[in-house]
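Undergrad: Please find start-v7.csv (CSV, C-alpha atoms and all ligand atoms) on the next line:
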chain,number,residue,atom,x,y,z
K,1,MET,CA,-24.1,33.6,-4.5
K,2,PRO,CA,-20.6,33.0,-6.1
K,3,SER,CA,-20.3,31.0,-9.2
K,4,ILE,CA,-17.7,28.6,-10.6
K,5,THR,CA,-16.8,28.8,-14.3
K,6,PHE,CA,-15.6,25.5,-15.7
K,7,GLU,CA,-15.0,24.9,-19.4
K,8,GLY,CA,-17.0,28.2,-20.1
K,9,GLN,CA,-20.1,27.3,-18.1
K,10,ASP,CA,-21.1,28.9,-14.8
K,11,ARG,CA,-22.3,26.9,-11.9
K,12,GLU,CA,-23.8,28.5,-8.8
K,13,VAL,CA,-22.2,27.5,-5.5
K,14,LEU,CA,-24.6,26.5,-2.7
K,15,PRO,CA,-23.9,28.0,0.8
K,16,GLY,CA,-20.9,26.2,2.4
K,17,GLU,CA,-20.3,24.1,-0.7
K,18,THR,CA,-16.7,23.3,-1.9
K,19,VAL,CA,-15.6,23.6,-5.5
K,20,LEU,CA,-15.4,19.8,-5.7
K,21,ASP,CA,-18.9,19.2,-4.4
K,22,CYS,CA,-20.4,22.0,-6.6
K,23,LEU,CA,-18.7,20.5,-9.7
K,24,LEU,CA,-19.7,16.9,-8.9
K,25,ARG,CA,-23.3,18.0,-8.2
K,26,SER,CA,-23.4,19.6,-11.6
K,27,GLY,CA,-22.1,16.5,-13.4
K,28,VAL,CA,-18.4,17.5,-13.8
K,29,ALA,CA,-16.2,14.5,-13.0
K,30,VAL,CA,-13.3,15.8,-11.0
K,31,PRO,CA,-10.8,13.1,-9.9
K,32,HIS,CA,-10.9,12.9,-6.1
K,33,SER,CA,-10.6,10.5,-3.3
K,34,CYS,CA,-10.5,11.5,0.4
K,35,LYS,CA,-12.4,14.8,0.2
K,36,ALA,CA,-10.4,15.8,3.3
K,37,GLY,CA,-7.5,17.7,2.0
K,38,ALA,CA,-5.1,14.8,2.5
K,39,CYS,CA,-4.6,12.9,-0.8
K,40,GLN,CA,-4.2,15.8,-3.3
K,41,SER,CA,-6.0,13.9,-6.1
K,42,CYS,CA,-8.6,16.8,-6.5
K,43,LEU,CA,-5.9,19.2,-7.6
K,44,MET,CA,-7.4,22.1,-9.8
K,45,LYS,CA,-6.1,25.4,-11.1
K,46,ALA,CA,-7.8,28.8,-10.6
K,47,GLU,CA,-7.4,31.6,-13.1
K,48,ALA,CA,-7.1,34.2,-10.4
K,49,ASN,CA,-6.2,34.1,-6.7
K,50,VAL,CA,-9.5,34.4,-4.9
K,51,GLY,CA,-8.3,33.5,-1.4
K,52,LEU,CA,-6.9,30.1,-2.4
K,53,GLU,CA,-4.4,29.9,0.5
K,54,SER,CA,-6.7,27.9,2.8
K,55,ALA,CA,-7.0,25.3,0.0
K,56,GLN,CA,-3.3,25.1,-0.7
K,57,ALA,CA,-2.0,23.3,2.4
K,58,GLY,CA,0.7,20.8,1.6
K,59,LEU,CA,1.1,21.9,-2.0
K,60,LYS,CA,4.5,22.7,-3.4
K,61,ASP,CA,5.4,26.4,-3.6
K,62,THR,CA,5.6,26.1,-7.4
K,63,LEU,CA,2.0,24.8,-7.6
K,64,ARG,CA,0.7,27.4,-5.2
K,65,ALA,CA,2.3,30.2,-7.3
K,66,GLN,CA,0.6,28.9,-10.4
K,67,GLY,CA,-2.9,29.0,-8.7
K,68,TYR,CA,-3.3,25.3,-8.0
K,69,PHE,CA,-5.5,24.4,-5.1
K,70,LEU,CA,-7.4,21.4,-3.6
K,71,ALA,CA,-11.0,21.5,-4.8
K,72,CYS,CA,-12.3,19.7,-1.8
K,73,SER,CA,-10.9,22.4,0.5
K,74,LEU,CA,-12.0,25.6,-1.2
K,75,ARG,CA,-15.4,27.1,-0.3
K,76,PRO,CA,-15.4,30.1,-2.7
K,77,SER,CA,-16.6,33.5,-1.5
K,78,ALA,CA,-16.2,35.1,-4.9
K,79,ASP,CA,-16.6,34.0,-8.5
K,80,VAL,CA,-13.8,31.8,-9.7
K,81,ALA,CA,-12.8,30.2,-13.0
K,82,VAL,CA,-11.2,26.8,-12.6
K,83,SER,CA,-9.7,24.0,-14.8
K,84,LEU,CA,-8.4,20.5,-14.3
K,85,PRO,CA,-4.6,20.0,-14.3
K,86,GLY,CA,-3.0,19.0,-17.6
K,87,GLY,CA,0.3,17.5,-18.6
K,88,GLU,CA,2.2,20.1,-16.6
K,89,VAL,CA,1.4,18.3,-13.4
K,90,ARG,CA,0.7,14.8,-14.6
K,91,THR,CA,3.2,12.2,-15.7
K,92,ALA,CA,2.3,9.2,-17.8
K,93,ALA,CA,3.5,5.8,-16.4
K,94,ARG,CA,3.2,2.2,-17.6
K,95,ILE,CA,2.3,-0.6,-15.2
K,96,THR,CA,5.3,-2.9,-15.8
K,97,ARG,CA,4.8,-5.6,-13.2
K,98,LEU,CA,2.4,-6.9,-10.6
K,99,ASP,CA,3.6,-9.3,-7.8
K,100,SER,CA,1.7,-10.6,-4.8
K,101,LEU,CA,3.5,-9.8,-1.6
K,102,ASN,CA,0.9,-11.7,0.5
K,103,GLU,CA,-2.8,-12.7,0.1
K,104,THR,CA,-4.0,-9.2,0.0
K,105,VAL,CA,-1.0,-7.0,-0.9
K,106,LEU,CA,0.2,-6.4,-4.5
K,107,ARG,CA,3.5,-4.9,-5.5
K,108,VAL,CA,2.8,-2.5,-8.4
K,109,ARG,CA,5.7,-1.5,-10.5
K,110,LEU,CA,5.4,1.6,-12.8
K,111,ARG,CA,7.8,2.9,-15.4
K,112,VAL,CA,7.9,6.7,-16.2
K,113,GLU,CA,9.4,7.9,-19.4
K,114,GLU,CA,9.9,11.5,-18.1
K,115,PRO,CA,11.7,12.4,-14.9
K,116,PHE,CA,9.5,12.0,-11.8
K,117,PRO,CA,11.6,13.4,-8.9
K,118,TYR,CA,10.5,12.1,-5.5
K,119,TYR,CA,11.7,11.1,-2.0
K,120,PRO,CA,11.1,7.5,-1.0
K,121,GLY,CA,8.2,7.5,1.4
K,122,GLN,CA,6.2,10.3,-0.3
K,123,PHE,CA,2.9,9.5,-1.9
K,124,LEU,CA,1.5,10.1,-5.4
K,125,SER,CA,-2.0,10.1,-6.9
K,126,LEU,CA,-2.4,7.3,-9.3
K,127,VAL,CA,-5.0,8.4,-11.9
K,128,ARG,CA,-6.6,5.8,-14.2
K,129,SER,CA,-7.5,6.7,-17.8
K,130,ASP,CA,-11.2,7.1,-16.7
K,131,GLY,CA,-10.2,9.6,-14.1
K,132,LEU,CA,-10.4,7.3,-11.0
K,133,ALA,CA,-7.7,8.6,-8.6
K,134,ARG,CA,-6.2,7.1,-5.4
K,135,SER,CA,-3.1,7.8,-3.4
K,136,TYR,CA,-0.2,5.4,-2.9
K,137,SER,CA,3.1,5.7,-1.1
K,138,LEU,CA,6.4,5.2,-2.8
K,139,ALA,CA,8.5,2.2,-1.6
K,140,SER,CA,11.1,2.5,-4.3
K,141,LEU,CA,14.4,4.5,-4.4
K,142,PRO,CA,14.8,7.2,-7.2
K,143,HIS,CA,17.7,5.4,-8.9
K,144,GLU,CA,15.6,2.2,-9.4
K,145,SER,CA,14.2,1.8,-12.9
K,146,ASP,CA,10.6,1.4,-11.7
K,147,LEU,CA,8.5,3.1,-9.1
K,148,GLU,CA,7.1,0.6,-6.5
K,149,LEU,CA,3.8,0.8,-4.7
K,150,HIS,CA,2.2,-1.7,-2.3
K,151,VAL,CA,-1.6,-1.9,-2.8
K,152,ARG,CA,-3.9,-3.7,-0.4
K,153,ARG,CA,-7.0,-5.3,-1.9
K,154,ILE,CA,-10.1,-3.7,-0.5
K,155,PRO,CA,-13.2,-5.8,-1.2
K,156,GLY,CA,-15.3,-3.8,-3.7
K,157,GLY,CA,-12.5,-1.2,-4.0
K,158,ALA,CA,-12.6,0.5,-7.4
K,159,MET,CA,-8.8,1.0,-7.8
K,160,SER,CA,-7.4,-1.9,-5.7
K,161,GLU,CA,-9.7,-4.5,-7.2
K,162,TRP,CA,-8.8,-3.3,-10.7
K,163,LEU,CA,-5.1,-3.6,-9.9
K,164,HIS,CA,-5.6,-7.0,-8.2
K,165,SER,CA,-8.1,-8.6,-10.5
K,166,ASP,CA,-7.8,-7.3,-14.0
K,167,SER,CA,-4.1,-7.6,-14.3
K,168,PRO,CA,-3.6,-4.3,-16.0
K,169,GLU,CA,0.0,-4.9,-16.8
K,170,GLY,CA,1.1,-2.8,-19.7
K,171,GLU,CA,-1.6,-0.2,-19.2
K,172,THR,CA,-0.9,3.5,-19.0
K,173,VAL,CA,-1.9,5.5,-16.0
K,174,TRP,CA,-1.2,9.0,-14.8
K,175,LEU,CA,0.8,10.1,-11.8
K,176,GLN,CA,0.2,13.3,-9.9
K,177,GLY,CA,2.6,14.5,-7.2
K,178,PRO,CA,4.6,13.4,-5.3
K,179,ALA,CA,3.5,14.9,-2.0
K,180,GLY,CA,3.9,14.5,1.7
K,181,ASN,CA,6.6,15.0,4.3
K,182,CYS,CA,7.3,11.3,5.2
K,183,PHE,CA,10.8,11.0,3.8
K,184,TYR,CA,14.4,10.7,5.1
K,185,VAL,CA,16.3,14.0,5.5
K,186,PRO,CA,20.1,13.6,5.5
K,187,GLY,CA,22.2,15.7,7.8
K,188,SER,CA,21.8,13.9,11.2
K,189,PRO,CA,23.2,10.4,10.5
K,190,GLU,CA,23.3,9.5,14.2
K,191,GLU,CA,19.8,10.4,15.0
K,192,PRO,CA,17.6,7.5,16.2
K,193,LEU,CA,14.7,6.8,13.8
K,194,LEU,CA,11.4,5.0,14.6
K,195,LEU,CA,9.4,3.7,11.7
K,196,VAL,CA,6.0,2.4,12.6
K,197,GLY,CA,3.3,1.1,10.1
K,198,THR,CA,0.4,-1.1,9.8
K,199,GLY,CA,-0.5,-3.1,6.7
K,200,THR,CA,0.6,-1.3,3.5
K,201,GLY,CA,1.9,1.5,5.8
K,202,LEU,CA,5.1,-0.5,5.4
K,203,ALA,CA,5.5,0.8,1.8
K,204,PRO,CA,6.7,4.3,2.7
K,205,LEU,CA,8.7,2.9,5.7
K,206,TYR,CA,10.5,0.4,3.4
K,207,GLY,CA,11.4,3.3,1.1
K,208,ILE,CA,12.6,5.5,4.0
K,209,ALA,CA,14.7,2.8,5.7
K,210,ARG,CA,16.4,1.8,2.5
K,211,ASP,CA,17.0,5.4,1.6
K,212,ALA,CA,18.4,6.2,5.1
K,213,LEU,CA,20.8,3.1,4.9
K,214,ALA,CA,21.8,4.0,1.4
K,215,GLN,CA,22.7,7.5,2.6
K,216,GLY,CA,24.9,6.1,5.3
K,217,HIS,CA,22.6,6.6,8.4
K,218,THR,CA,24.5,5.2,11.4
K,219,GLY,CA,22.0,5.8,14.2
K,220,PRO,CA,19.6,3.1,15.2
K,221,ILE,CA,16.6,2.5,12.8
K,222,TRP,CA,13.7,0.7,14.6
K,223,MET,CA,11.1,-0.6,12.2
K,224,PHE,CA,7.8,-1.9,13.7
K,225,HIS,CA,5.4,-3.5,11.3
K,226,GLY,CA,1.9,-4.5,12.6
K,227,ALA,CA,-1.1,-6.3,11.1
K,228,LEU,CA,-4.3,-7.8,12.3
K,229,THR,CA,-2.9,-11.3,11.9
K,230,PRO,CA,0.5,-12.7,10.9
K,231,ALA,CA,-0.8,-13.3,7.4
K,232,GLY,CA,-1.1,-9.6,6.9
K,233,LEU,CA,2.7,-9.0,7.3
K,234,TYR,CA,4.9,-9.1,4.2
K,235,LEU,CA,8.4,-8.5,2.9
K,236,THR,CA,9.6,-10.3,6.0
K,237,ARG,CA,12.5,-12.1,4.4
K,238,GLU,CA,13.7,-9.0,2.7
K,239,LEU,CA,13.6,-7.0,5.9
K,240,GLN,CA,15.3,-9.8,8.0
K,241,GLU,CA,18.1,-9.9,5.4
K,242,MET,CA,18.4,-6.1,5.5
K,243,SER,CA,18.6,-6.1,9.2
K,244,ALA,CA,21.2,-8.9,9.1
K,245,ARG,CA,23.3,-6.8,6.7
K,246,HIS,CA,22.9,-3.6,8.8
K,247,ALA,CA,23.5,-3.9,12.5
K,248,ASN,CA,21.7,-0.6,13.1
K,249,LEU,CA,18.4,-1.8,11.6
K,250,HIS,CA,16.0,-3.4,14.1
K,251,TYR,CA,13.0,-5.0,12.6
K,252,VAL,CA,10.0,-6.0,14.8
K,253,ARG,CA,6.8,-7.7,13.6
K,254,ALA,CA,3.6,-7.8,15.6
K,255,ALA,CA,0.0,-9.1,15.1
K,256,LEU,CA,-3.1,-8.5,17.1
K,257,ARG,CA,-4.7,-12.0,16.5
K,258,ASP,CA,-3.7,-15.6,15.7
K,259,GLY,CA,-0.7,-15.4,18.0
K,260,GLY,CA,2.0,-17.9,18.6
K,261,VAL,CA,3.8,-17.5,15.3
K,262,ASP,CA,7.6,-17.6,15.6
K,263,GLY,CA,9.2,-14.2,15.3
K,264,VAL,CA,5.9,-12.3,15.5
K,265,GLU,CA,5.0,-10.4,18.7
K,266,ASP,CA,1.5,-10.8,19.9
K,267,GLY,CA,-0.4,-7.5,20.7
K,268,GLU,CA,-0.6,-3.8,20.1
K,269,LEU,CA,2.2,-2.0,18.3
K,270,ASP,CA,2.6,0.7,20.9
K,271,ALA,CA,3.1,-2.0,23.6
K,272,CYS,CA,5.8,-3.6,21.5
K,273,ILE,CA,7.5,-0.2,21.0
K,274,ARG,CA,7.3,0.6,24.8
K,275,ALA,CA,8.8,-2.8,25.7
K,276,ARG,CA,11.8,-2.2,23.5
K,277,LEU,CA,12.2,1.6,23.7
K,278,PRO,CA,11.0,2.9,27.0
K,279,LYS,CA,12.6,6.3,26.3
K,280,LEU,CA,11.9,8.0,23.0
K,281,ALA,CA,13.2,11.5,23.5
K,282,GLY,CA,15.5,12.5,20.6
K,283,PHE,CA,13.9,10.1,18.1
K,284,LYS,CA,12.5,11.1,14.8
K,285,ALA,CA,9.4,9.1,14.0
K,286,TYR,CA,7.5,8.1,10.9
K,287,VAL,CA,4.0,6.6,11.3
K,288,CYS,CA,2.0,5.4,8.3
K,289,GLY,CA,-1.1,3.3,7.6
K,290,ASP,CA,-4.5,3.0,9.2
K,291,PRO,CA,-5.8,6.5,10.1
K,292,ALA,CA,-7.1,5.5,13.6
K,293,LEU,CA,-3.8,3.9,14.5
K,294,VAL,CA,-1.8,6.7,13.0
K,295,ASN,CA,-3.7,9.3,15.0
K,296,SER,CA,-3.5,7.3,18.3
K,297,LEU,CA,0.2,6.5,17.8
K,298,ARG,CA,1.0,10.1,17.1
K,299,LYS,CA,-0.3,11.2,20.4
K,300,LYS,CA,1.3,8.3,22.3
K,301,LEU,CA,4.7,9.0,20.7
K,302,PHE,CA,4.4,12.6,21.7
K,303,LEU,CA,3.6,11.7,25.2
K,304,ALA,CA,6.5,9.3,25.2
K,305,GLY,CA,8.9,12.2,24.6
K,306,ILE,CA,9.1,12.7,20.8
K,307,ALA,CA,8.8,16.4,19.8
K,308,SER,CA,5.6,16.9,17.7
K,309,LYS,CA,7.7,18.4,14.9
K,310,ALA,CA,9.8,15.2,14.8
K,311,ILE,CA,6.7,13.0,14.1
K,312,TYR,CA,5.9,12.6,10.4
K,313,ALA,CA,2.7,10.8,9.7
K,314,ASP,CA,0.7,9.7,6.7
K,315,ALA,CA,-2.8,8.4,7.5
K,316,PHE,CA,-4.1,6.3,4.6
K,317,LEU,CA,-7.5,8.0,4.5
K,318,PRO,CA,-10.1,6.0,2.4
K,319,SER,CA,-12.0,7.6,-0.4
K,320,SER,CA,-15.3,9.2,0.4
K,321,SER,CA,-17.0,8.2,-2.9
K,322,PRO,CA,-15.8,4.9,-4.2
K,323,SER,CA,-17.5,4.7,-7.6
K,324,PRO,CA,-15.5,5.1,-10.8
K,325,LEU,CA,-15.9,8.4,-12.6
K,326,PRO,CA,-17.8,8.8,-15.8
K,327,GLN,CA,-15.7,9.0,-19.0
K,328,SER,CA,-15.6,12.8,-19.0
K,329,ALA,CA,-12.9,12.7,-16.4
K,330,ALA,CA,-10.6,10.8,-18.7
K,331,CYS,CA,-7.0,11.8,-18.8
K,332,THR,CA,-5.5,13.0,-22.0
U,1,LIG,C1,-1.7,9.8,1.7
U,1,LIG,C2,-2.3,8.4,1.3
U,1,LIG,C3,-1.4,7.3,1.1
U,1,LIG,C4,-1.9,6.0,0.8
U,1,LIG,N1,-1.0,5.0,0.6
U,1,LIG,C5,-1.5,3.8,0.4
U,1,LIG,C6,-0.6,2.7,0.1
U,1,LIG,O1,0.6,2.9,0.0
U,1,LIG,N2,-1.1,1.5,-0.1
U,1,LIG,C7,-2.5,1.2,0.0
U,1,LIG,O2,-2.9,0.1,-0.2
U,1,LIG,N3,-3.4,2.3,0.2
U,1,LIG,C8,-2.9,3.5,0.4
U,1,LIG,N4,-3.8,4.5,0.6
U,1,LIG,C9,-5.3,4.3,0.5
U,1,LIG,C10,-5.6,4.3,-1.1
U,1,LIG,O3,-5.5,5.6,-1.5
U,1,LIG,C11,-7.1,3.9,-1.3
U,1,LIG,O4,-8.0,4.5,-0.5
U,1,LIG,C12,-7.3,2.4,-1.2
U,1,LIG,O5,-6.4,1.7,-2.1
U,1,LIG,C13,-8.7,2.0,-1.5
U,1,LIG,O6,-9.1,2.4,-2.8
U,1,LIG,P1,-10.1,1.6,-3.7
U,1,LIG,O7,-10.4,2.4,-4.8
U,1,LIG,O8,-9.6,0.2,-3.9
U,1,LIG,O9,-11.4,1.5,-2.7
U,1,LIG,P2,-12.6,2.5,-2.7
U,1,LIG,O10,-13.4,2.2,-4.0
U,1,LIG,O11,-12.1,3.8,-2.5
U,1,LIG,O12,-13.4,2.0,-1.5
U,1,LIG,C14,-14.4,0.9,-1.5
U,1,LIG,C15,-15.0,0.8,-0.1
U,1,LIG,O13,-14.0,0.4,0.9
U,1,LIG,C16,-13.9,1.3,1.9
U,1,LIG,N5,-12.5,1.4,2.2
U,1,LIG,C17,-11.5,2.0,1.5
U,1,LIG,N6,-10.3,1.8,2.1
U,1,LIG,C18,-10.5,1.1,3.2
U,1,LIG,C19,-9.7,0.6,4.3
U,1,LIG,N7,-8.4,0.8,4.3
U,1,LIG,N8,-10.3,-0.2,5.2
U,1,LIG,C20,-11.6,-0.4,5.2
U,1,LIG,N9,-12.5,0.0,4.3
U,1,LIG,C21,-11.9,0.8,3.3
U,1,LIG,C22,-14.4,2.6,1.3
U,1,LIG,O14,-14.8,3.6,2.3
U,1,LIG,C23,-15.5,2.2,0.4
U,1,LIG,O15,-16.7,1.9,1.1
U,1,LIG,C24,-3.3,5.8,0.8
U,1,LIG,C25,-4.2,6.9,1.1
U,1,LIG,C26,-3.7,8.2,1.3
U,1,LIG,C27,-4.6,9.3,1.6
U,2,LIG,S1,-7.4,16.2,-1.1
U,2,LIG,FE1,-9.2,16.6,-2.1
U,2,LIG,S2,-10.1,14.7,-2.5
U,2,LIG,FE2,-8.3,14.2,-1.3
Write out the structure in this file as structure tokens.
Ligand SMILES: Cc1cc2nc3c(=O)[nH]c(=O)nc-3n(C[C@H](O)[C@H](O)[C@H](O)COP(=O)(O)OP(=O)(O)OC[C@H]3O[C@@H](n4cnc5c(N)ncnc54)[C@H](O)[C@@H]3O)c2cc1C
Ligand code: FES

TA:
Amino acid sequence: MPSITFEGQDREVLPGETVLDCLLRSGVAVPHSCKAGACQSCLMKAEANVGLESAQAGLKDTLRAQGYFLACSLRPSADVAVSLPGGEVRTAARITRLDSLNETVLRVRLRVEEPFPYYPGQFLSLVRSDGLARSYSLASLPHESDLELHVRRIPGGAMSEWLHSDSPEGETVWLQGPAGNCFYVPGSPEEPLLLVGTGTGLAPLYGIARDALAQGHTGPIWMFHGALTPAGLYLTRELQEMSARHANLHYVRAALRDGGVDGVEDGELDACIRARLPKLAGFKAYVCGDPALVNSLRKKLFLAGIASKAIYADAFLPSSSPSPLPQSAACT
């Protein structure tokens, strides 16, 4: 049976177990969230390459080369010594401002003292001082003084309730990342873009649309924002003003329930898209938010003519173990 060495102690791996599960089982508090290889919050470093490739999907080449891997994706077949990432992949940030965008969505502004290069629309792992980690997408532009996240309150949610209820303004947190492929790539300014999101899936799309416009994108940019009810929509005035300033930005809101609100379409997002854009061949699409909707839209957009390589999606997978971590996971 292979073993994992962490801080000088060996732990035997059970058959089929991941590095993350083995360490959690033996009481090591490794920051993590989705346990599905999507959020990158369980980043760890191996001292030697013991077949890490399968657990390095989505990581930057520089991280791969240094032996970083996702602990939830590695089922070791040989002994491996591992460690938690340190300051080389974590950036300290201060929570500078919290504003409500609607009843359940909070805008979180963060200031970093060191450079934190990113593309608007990518996501980061926000790691609290006790090691609790969750992923959030970047709505800000790199030249803005603060990073901007949109966080939906999940009842009983460890991170979102903390941000919403405890007003942690001024607190220091740690950022890991950025990661993900949902961002604007300049070079084809006339290409039609389709941005579709539900709930806080708007955060990356807001960043991508503003980035595209700032970089002189001239092709049509269609932004569809959906929610369960009209009350779940937000940044409406900002987006209406943006679309008034930019003739190529088309902004559509839709809600599944409580219809009859002026300017809000009733019904499913894909029906709204089909009604306005019956032909989608040649579009580049970005789809973010609720995992079930992201997966279903991805298929529908492909069937409607968008090449699969032109569909960029971030499914906001929930955590698999919501409780805060014990103090031993604390960031230093
Ligand atoms: C790539 C990526 C990007 C993300 N970007 C954003 C973002 O920009 N904004 C944002 O608000 N969130 C985003 N998320 C989700 C975020 O990481 C957290 O999962 C979310 O904030 C809940 O964390 P929590 O600690 O508050 O709740 P937890 O303590 O993790 O969960 C508490 C309980 O609620 C359940 N739960 C968690 N999320 C949901 C949900 N959405 N619907 C129903 N039940 C749920 C859990 O399964 C658990 O039972 C993203 C996730 C990923 C993977
Ligand atoms: S990628 Fe491992 S916990 Fe999310």

Undergrad: At most 7 Å is the cut-off: for each residue in chain K with any atom that close to an atom of ligand LIG 1 (chain U), write down the nearest atom pair and the distance in Å rounded to one decimal, counting only C-alpha atoms and all ligand atoms, chain first then increasing number, as JSON lines.

TA:
{"residue": "K:Ser33", "atom": "CA", "partner": "U:LIG1", "partner_atom": "O11", "distance": 6.9}
{"residue": "K:Cys34", "atom": "CA", "partner": "U:LIG1", "partner_atom": "C27", "distance": 6.4}
{"residue": "K:Ala38", "atom": "CA", "partner": "U:LIG1", "partner_atom": "C27", "distance": 5.6}
{"residue": "K:Cys39", "atom": "CA", "partner": "U:LIG1", "partner_atom": "C27", "distance": 4.3}
{"residue": "K:Phe123", "atom": "CA", "partner": "U:LIG1", "partner_atom": "C3", "distance": 5.7}
{"residue": "K:Arg134", "atom": "CA", "partner": "U:LIG1", "partner_atom": "O3", "distance": 4.2}
{"residue": "K:Ser135", "atom": "CA", "partner": "U:LIG1", "partner_atom": "O3", "distance": 3.8}
{"residue": "K:Tyr136", "atom": "CA", "partner": "U:LIG1", "partner_atom": "N1", "distance": 3.6}
{"residue": "K:Ser137", "atom": "CA", "partner": "U:LIG1", "partner_atom": "O1", "distance": 3.9}
{"residue": "K:Leu138", "atom": "CA", "partner": "U:LIG1", "partner_atom": "O1", "distance": 6.8}
{"residue": "K:Leu149", "atom": "CA", "partner": "U:LIG1", "partner_atom": "O1", "distance": 6.1}
{"residue": "K:His150", "atom": "CA", "partner": "U:LIG1", "partner_atom": "N2", "distance": 5.1}
{"residue": "K:Val151", "atom": "CA", "partner": "U:LIG1", "partner_atom": "O2", "distance": 3.5}
{"residue": "K:Arg152", "atom": "CA", "partner": "U:LIG1", "partner_atom": "O2", "distance": 3.9}
{"residue": "K:Arg153", "atom": "CA", "partner": "U:LIG1", "partner_atom": "O8", "distance": 6.4}
{"residue": "K:Ile154", "atom": "CA", "partner": "U:LIG1", "partner_atom": "O8", "distance": 5.2}
{"residue": "K:Pro155", "atom": "CA", "partner": "U:LIG1", "partner_atom": "O13", "distance": 6.6}
{"residue": "K:Gly156", "atom": "CA", "partner": "U:LIG1", "partner_atom": "C14", "distance": 5.3}
{"residue": "K:Gly157", "atom": "CA", "partner": "U:LIG1", "partner_atom": "O9", "distance": 3.2}
{"residue": "K:Ala158", "atom": "CA", "partner": "U:LIG1", "partner_atom": "O10", "distance": 3.9}
{"residue": "K:Met159", "atom": "CA", "partner": "U:LIG1", "partner_atom": "O7", "distance": 3.7}
{"residue": "K:Ser160", "atom": "CA", "partner": "U:LIG1", "partner_atom": "O8", "distance": 3.5}
{"residue": "K:Glu161", "atom": "CA", "partner": "U:LIG1", "partner_atom": "O8", "distance": 5.7}
{"residue": "K:Thr200", "atom": "CA", "partner": "U:LIG1", "partner_atom": "N2", "distance": 4.9}
{"residue": "K:Gly201", "atom": "CA", "partner": "U:LIG1", "partner_atom": "O1", "distance": 6.1}
{"residue": "K:Ala203", "atom": "CA", "partner": "U:LIG1", "partner_atom": "O1", "distance": 5.6}
{"residue": "K:Pro204", "atom": "CA", "partner": "U:LIG1", "partner_atom": "O1", "distance": 6.8}
{"residue": "K:Asp290", "atom": "CA", "partner": "U:LIG1", "partner_atom": "N7", "distance": 6.6}
{"residue": "K:Asp314", "atom": "CA", "partner": "U:LIG1", "partner_atom": "C1", "distance": 5.5}
{"residue": "K:Ala315", "atom": "CA", "partner": "U:LIG1", "partner_atom": "C1", "distance": 6.1}
{"residue": "K:Phe316", "atom": "CA", "partner": "U:LIG1", "partner_atom": "C25", "distance": 3.6}
{"residue": "K:Leu317", "atom": "CA", "partner": "U:LIG1", "partner_atom": "C27", "distance": 4.3}
{"residue": "K:Pro318", "atom": "CA", "partner": "U:LIG1", "partner_atom": "O4", "distance": 3.9}
{"residue": "K:Ser319", "atom": "CA", "partner": "U:LIG1", "partner_atom": "O11", "distance": 4.3}
{"residue": "K:Ser320", "atom": "CA", "partner": "U:LIG1", "partner_atom": "O14", "distance": 5.9}
{"residue": "K:Ser321", "atom": "CA", "partner": "U:LIG1", "partner_atom": "O11", "distance": 6.6}
{"residue": "K:Pro322", "atom": "CA", "partner": "U:LIG1", "partner_atom": "O10", "distance": 3.6}
{"residue": "K:Ser323", "atom": "CA", "partner": "U:LIG1", "partner_atom": "O10", "distance": 6.0}

Undergrad: Kindly give the distance, in Å, that separates CA of Thr18 in chain K and CA of Ala71 in chain K, rounded to a single decimal.

TA: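 Taking CA of Thr18 in chain K and CA of Ala71 in chain K, their separation equals 6.6 Å.
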
Undergrad: Neighbours of Val264 in chain K within 7 Å (only C-alpha atoms; same-chain residues fewer than 2 positions away dropped), as an MDAnalysis selection string?

TA: chainID K and resid 253:255 261:262 266

Undergrad: Restricting the calculation to only C-alpha atoms, which member of K:Lys60, K:Arg25, K:Lys284, K:Arg75 is positioned closest to Trp222 in chain K?

TA: K:Lys284

Undergrad: What is the CA of Gly232 in chain K-CA of Thr198 in chain K distance in Å, reported with one decimal?

TA: 9.1 Å

Undergrad: Just to confirm, what's the straight-line distance from CA of Phe69 in chain K to CA of Pro2 in chain K in Å (one decimal)?

TA: 17.4 Å

Undergrad: Closest to ligand LIG 2 (chain U) among K:Leu277, K:Leu249, K:Ala209, K:Ala133, using all atoms listed in the file?

TA: K:Ala133

Undergrad: Between K:Leu175, K:Glu148, K:Ser26, K:Glu47, single out the one closest to Glu88 in chain K, counting only C-alpha atoms.

TA: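 Looking only at the distances to Glu88 in chain K, the closest residue turns out to be K:Leu175.
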
Undergrad: Considering all atoms listed in the file, return as a list in words whatever protein or nucleic-acid residues lie within 8 Å of Glu190 in chain K, sequence-local ones (same chain, fewer than 6 positions apart) excluded.

TA: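 In the requested form, the answer reads His217, Thr218, Gly219 and Pro220 of chain K.
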
Undergrad: Write out as a PyMOL selection string each polymer residue whose atoms come within 6 Å of Ala81 in chain K, counting all atoms listed in the file; drop sequence neighbours fewer than 4 positions from it.

TA: chain K and resi 4-5+46-47

Undergrad: Grab the residues selected above and save them as a PDB file, keeping the file's coordinate frame with C-alpha atoms.

TA:
ATOM      1  CA  ILE K   4     -17.700  28.600 -10.600  1.00  0.00           C
ATOM      2  CA  THR K   5     -16.800  28.800 -14.300  1.00  0.00           C
ATOM      3  CA  ALA K  46      -7.800  28.800 -10.600  1.00  0.00           C
ATOM      4  CA  GLU K  47      -7.400  31.600 -13.100  1.00  0.00           C
TER       5      GLU K  47
END

Undergrad: Please return, as a ChimeraX atom specification, all polymer residues that have at least one atom within 10 Å of the point (-17.6, 34.3, -2.1); use all atoms listed in the file and the file's own coordinate frame.

TA: /K:1-3,13,15-16,50-51,75-80

Undergrad: Choose the residue, out of K:Ala285, K:Leu84, K:Val28, K:Ala55, that has the smallest atom-to-atom separation from ligand LIG 2 (chain U); count only C-alpha atoms and all ligand atoms.

TA: K:Ala55
